[in-house]
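Visitor: So that we are looking at the same thing, I have put the structure below in C-alpha cells.
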Amino acid sequence: MKQLSPSELILNPDGSIYHLAIKPEDLAPVVITVGDPDRVAKVSSYFDTIDIKKSSREFVTHTGSYKGHRITVLSTGIGPDNIDIVFNELDALVNIDFGTRTVKKELTSLKIVRLGTSGSIDASVPLDCFLISELAIGFDQTIPFYLKDQIDVSTDFNAQTGINLTPYLAFADQNLLEWFNNDQFLMGFTATFVGFYGPQGRALRITSNYPNFIDQLAHFEYQQRKVTNLEMETSAIYAFSKLMGHQALSINCILADRHKGLFSERAQERIDEMIQLSLSIIASNL
C-alpha cells in the first residue's frame, strides 16, 4: 500500500491536517459548510454543546452536539480552489491513517450540507427564498484535474450561448435531497463560477469579455432545465463528493435578483432562518 510522503499529506506539528488545522477526532460524521467564517458561530450558536473551536486562515471549525447528534460546521472561504483544499483535507481526516500515512481499508462517507448564498437569474426564483441545487454546472478548471469522465456539456453550451467555455455537470446526493424535499425549498439548477465580478457578468471599472453573459446563460437548457442561480462552490462540492464517496447537498438563500438588480433587505434574517430550518431537518433524519 502506498505511503503518502510528507509533501503530499502535510501535517502540522500537533498532528492536525495542514490548512484546516484539525485532527481526525475533531471532525463529526455530518459536516455543514459555509463560505463566511463569521457564519460558523451563527450555526454553532444553535448547538446544545460545542466541544471544538479551531481556526486557521479562512478555515474556522466548530464541532458540537445538536439534538443528540454530533455535527461539525466549517467555513470554506470562497471559490472552487478553496473547495479543493477543504474536501481533500476532510476526506484525509476520515479515510487516511495519519500514523502510517496510508489509505484506510474501510472508507468513511461523510454527509456534507452547504449553507450558502446566491443570486437568482430566473424570474420564478424569488428574492429571499431557499433553493436546493439538484444539479450544478461548473465553469472552474479545478475538477478537470481529477475527474476525467465528468459530464461535459461544452458542446451544447457553446452552441446555445455562442460562448466558448467548457463547463461540466455535477449532481446532489439523492438521499440528502429526500431529506429536504418539502415546500419550504425550491429546487434549482445552479451555475458555479471562479469569480464574483466578471465571471458572473458584473462590471465595475473593467468590463467583461462577455457583457451579455447572464442573459445568454439564462437561455441555456440542459434536459429542459434552465439555470436558476449563480454562486461559487456547489459544482465543485458535488464533483469532489462523487469522486470521494461522500454525500453532499447545497442549499442557498437567494439574496440577489440579477435581472431586477435587487439585493435582499432581510439578508441576515433569512440566512438565520435557513440555518435553523436546515439544522432541524438534518437532526430529524439522522
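Chain labels A, B, ... are given in the sequence in which chains occur in the C-alpha cells; within each chain residues are numbered consecutively from 1, and ligands are likewise numbered from 1 in the order shown.
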Could I get the residues of range 36-133 of chain A with an atom no further than 12 Å from an atom of range 268-277 of chain A, each paired with its nearest atom pair and that distance in Å to one decimal, using only C-alpha atoms, sorted by chain and residue number, as a tab-separated table?

Guide:
```
residue	atom	partner	partner_atom	distance
A:Asp36	CA	A:Ile271	CA	11.7
A:Asp38	CA	A:Gln268	CA	11.8
A:Arg39	CA	A:Ile271	CA	9.3
A:Val40	CA	A:Ile275	CA	10.4
A:Ala41	CA	A:Ile275	CA	11.2
A:Lys42	CA	A:Asp272	CA	7.5
A:Val43	CA	A:Ile275	CA	6.3
A:Ser44	CA	A:Ile275	CA	9.7
A:Ser45	CA	A:Gln276	CA	10.1
A:Tyr46	CA	A:Gln276	CA	7.6
A:Phe47	CA	A:Gln276	CA	10.3
A:Tyr66	CA	A:Gln276	CA	11.1
A:Val73	CA	A:Ile275	CA	11.1
A:Val113	CA	A:Ile275	CA	10.8
A:Arg114	CA	A:Ile275	CA	10.2
A:Leu115	CA	A:Ile275	CA	7.2
A:Gly116	CA	A:Ile271	CA	8.3
A:Thr117	CA	A:Ile271	CA	8.0
A:Ser118	CA	A:Ile271	CA	11.0
A:Leu127	CA	A:Arg270	CA	10.1
A:Asp128	CA	A:Arg270	CA	6.4
A:Cys129	CA	A:Arg270	CA	8.1
A:Phe130	CA	A:Met274	CA	7.1
A:Leu131	CA	A:Met274	CA	10.0
A:Ile132	CA	A:Met274	CA	11.3
```

Visitor: Contacts of Tyr146 in chain A at 9 Å or less, counting only C-alpha atoms, minus same-chain residues fewer than 2 places along, as a VMD selection string?

Guide: chain A and resid 142 to 144 148 240 243

Visitor: Skip range 185-201 of chain A itself and residues of its chain fewer than 3 positions away, then list as a VMD selection string all residues within 7 Å of it, counting only C-alpha atoms.

Guide: chain A and resid 79 to 80 130 to 140 182 208 211 213 to 214 226 to 235

Visitor: Pull the helix (DSSP H, G or I) assignments for range 56-160 of chain A out of DSSP run on the backbone, and list those residues as a PyMOL selection string.

Guide: chain A and resi 80-95+143-145+154-160

Visitor: For a test of reading the model, state the distance in Å between CA of Thr102 in chain A and CA of Lys2 in chain A, rounded to one decimal.

Guide: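 Computed distance, CA of Thr102 in chain A to CA of Lys2 in chain A, equals 6.2 Å.
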
Visitor: Go ahead and compute the interatomic distance for CA of Asp257 in chain A and CA of Phe220 in chain A, in Å to one decimal.

Guide: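 That distance, rounded to one decimal, is 18.1 Å.
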
Visitor: Which of these, A:Ala218, A:Leu20, A:Leu165, A:Ile32, has the shortest distance to Lys54 in chain A once you count only C-alpha atoms?

Guide: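 Between A:Ala218, A:Leu20, A:Leu165, A:Ile32, the residue approaching Lys54 in chain A most closely is A:Leu20.
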
Visitor: Residues at most 10 Å from Ile22 in chain A, counting only C-alpha atoms, excluding those fewer than 6 positions away in the same chain, as a list in words?

Guide: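 Listed by chain and then number, they are Leu11, Asn12, Asp14, Gly15, Ser16, Ile52, Lys53, Lys54, Ser55, Ser56, Phe59, Val60, Thr61, Glu89, Leu90 and Leu93 of chain A.
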
Visitor: Write a file of the selected residues as a PDB file, in the first residue's frame, keeping C-alpha atoms.

Guide:
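Final output, saved to result08.pdb:
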```
ATOM      1  CA  LEU A  11       0.564  17.593   8.769  1.00  0.00           C
ATOM      2  CA  ASN A  12       1.188  20.287  11.337  1.00  0.00           C
ATOM      3  CA  ASP A  14       0.458  18.855  16.513  1.00  0.00           C
ATOM      4  CA  GLY A  15      -0.738  16.160  14.077  1.00  0.00           C
ATOM      5  CA  SER A  16      -3.522  18.223  12.520  1.00  0.00           C
ATOM      6  CA  ILE A  52     -14.158  22.017  19.392  1.00  0.00           C
ATOM      7  CA  LYS A  53     -13.336  25.561  18.290  1.00  0.00           C
ATOM      8  CA  LYS A  54     -10.364  25.903  15.956  1.00  0.00           C
ATOM      9  CA  SER A  55      -9.342  28.333  13.230  1.00  0.00           C
ATOM     10  CA  SER A  56      -6.611  28.645  10.627  1.00  0.00           C
ATOM     11  CA  PHE A  59     -10.988  27.996   7.855  1.00  0.00           C
ATOM     12  CA  VAL A  60     -12.966  28.079  11.113  1.00  0.00           C
ATOM     13  CA  THR A  61     -14.230  24.808  12.617  1.00  0.00           C
ATOM     14  CA  GLU A  89      -8.456  17.526   3.755  1.00  0.00           C
ATOM     15  CA  LEU A  90     -11.897  16.481   5.021  1.00  0.00           C
ATOM     16  CA  LEU A  93      -9.240  13.210   8.070  1.00  0.00           C
TER      17      LEU A  93
END
```
